[in-house]
Amino acid sequence: MSFFVDVTVRGYELDTQGHLNQAVYLQYAEHARWELLRGAGLPQEKLLASGVGPVALEVTVKYAKELRGGDKVRVTCAFLYGAGKTFRIEQQIIKEDGTVAAEITGVGGMLDLNTRRLIADPGGHLAALAENPSLLGA
């Protein structure tokens, strides 16, 4: 996975046990996905203007190591396309020492905002709109 964003765990993101709240792992993953799209030249405004928007259809988080306040992590993101209207999303949250703290996998699609249906060939559609389509894996 070549695309990543770096994040520092903030104190207000911790739960009562002093480790990163489980919901925040999903926020970190979402942040990395939007940053990947933005890095490819597809900020939210451009996607909306084209009449499509990304949707998460399934998300699974596998927690491996706890994260605590002040930990610096790298959140990776890769889109993997096949045939059809959906694509896989693979992400990891990696600690500074290289330990994988969590793995996030999911299924996504691109929603036509008028018909409210998934579009065909989401990778091709994104690549056609992007300024840097190589980041998209399309």
# chains A, B, ... in the order shown; residues from 1 in each chain; ligands from 1
>>> residues_around(residues="Leu20 of chain A", least_positions_apart="2", cutoff="8 Å", atoms="only C-alpha atoms", output="list in words")
Val9, Glu13, Leu14, Asp15, Gly18, Gln22, Val24, Tyr25, Glu66, Leu67, Arg68 and Gly69 of chain A
>>> residues_around(residues="Ala32 of chain A", least_positions_apart="2", cutoff="12 Å", atoms="only C-alpha atoms", output="PyMOL selection string")
chain A and resi 1-7+25-30+34-39+73-79+89-93+104
>>> closest_residue(among="A:Leu136, A:Ala120, A:Leu113, A:Ala127", to="Val52 of chain A", atoms="only C-alpha atoms")
A:Leu113
>>> closest_residue(among="A:Lys85, A:Arg33, A:Lys46, A:Arg10", to="Asp121 of chain A", atoms="only C-alpha atoms")
A:Lys85
>>> residues_around(residues="Thr60 of chain A", least_positions_apart="5", cutoff="9 Å", atoms="only C-alpha atoms", output="PyMOL selection string")
chain A and resi 103-106
>>> write_last_selection(atoms="N, CA, C and O atoms", output="mmCIF file, in the first residue's frame")
data_model
loop_
_atom_site.group_PDB
_atom_site.id
_atom_site.type_symbol
_atom_site.label_atom_id
_atom_site.label_comp_id
_atom_site.auth_asym_id
_atom_site.auth_seq_id
_atom_site.Cartn_x
_atom_site.Cartn_y
_atom_site.Cartn_z
ATOM 1 N N GLU A 103 -6.252 -3.496 11.124
ATOM 2 C CA GLU A 103 -6.485 -3.679 9.690
ATOM 3 C C GLU A 103 -7.948 -3.373 9.432
ATOM 4 O O GLU A 103 -8.826 -3.868 10.136
ATOM 5 N N ILE A 104 -8.179 -2.543 8.430
ATOM 6 C CA ILE A 104 -9.546 -2.176 8.060
ATOM 7 C C ILE A 104 -9.753 -2.604 6.622
ATOM 8 O O ILE A 104 -8.979 -2.225 5.738
ATOM 9 N N THR A 105 -10.760 -3.415 6.383
ATOM 10 C CA THR A 105 -11.096 -3.819 5.023
ATOM 11 C C THR A 105 -12.545 -3.447 4.772
ATOM 12 O O THR A 105 -13.349 -3.353 5.703
ATOM 13 N N GLY A 106 -12.851 -3.222 3.532
ATOM 14 C CA GLY A 106 -14.217 -2.846 3.231
ATOM 15 C C GLY A 106 -14.570 -3.013 1.776
ATOM 16 O O GLY A 106 -13.727 -3.345 0.943
#
>>> residues_around(residues="Pro122 of chain A", least_positions_apart="2", cutoff="7 Å", atoms="only C-alpha atoms", output="PyMOL selection string")
chain A and resi 85+109-110+119-120+124-126
>>> residues_around(residues="Lys65 of chain A", least_positions_apart="4", cutoff="8 Å", atoms="only C-alpha atoms", output="list in words")
Thr99, Val100, Ala101 and Ala102 of chain A
>>> write_last_selection(atoms="N, CA and C atoms", output="PDB file, in the first residue's frame")
ATOM      1  N   THR A  99       4.659  -2.016  13.895  1.00  0.00           N
ATOM      2  CA  THR A  99       3.616  -2.922  14.354  1.00  0.00           C
ATOM      3  C   THR A  99       2.267  -2.496  13.785  1.00  0.00           C
ATOM      4  N   VAL A 100       1.536  -3.458  13.256  1.00  0.00           N
ATOM      5  CA  VAL A 100       0.188  -3.169  12.755  1.00  0.00           C
ATOM      6  C   VAL A 100      -0.763  -3.124  13.943  1.00  0.00           C
ATOM      7  N   ALA A 101      -1.370  -1.967  14.164  1.00  0.00           N
ATOM      8  CA  ALA A 101      -2.325  -1.791  15.259  1.00  0.00           C
ATOM      9  C   ALA A 101      -3.729  -2.233  14.848  1.00  0.00           C
ATOM     10  N   ALA A 102      -4.066  -2.064  13.573  1.00  0.00           N
ATOM     11  CA  ALA A 102      -5.394  -2.455  13.101  1.00  0.00           C
ATOM     12  C   ALA A 102      -5.372  -2.631  11.588  1.00  0.00           C
TER      13      ALA A 102
END
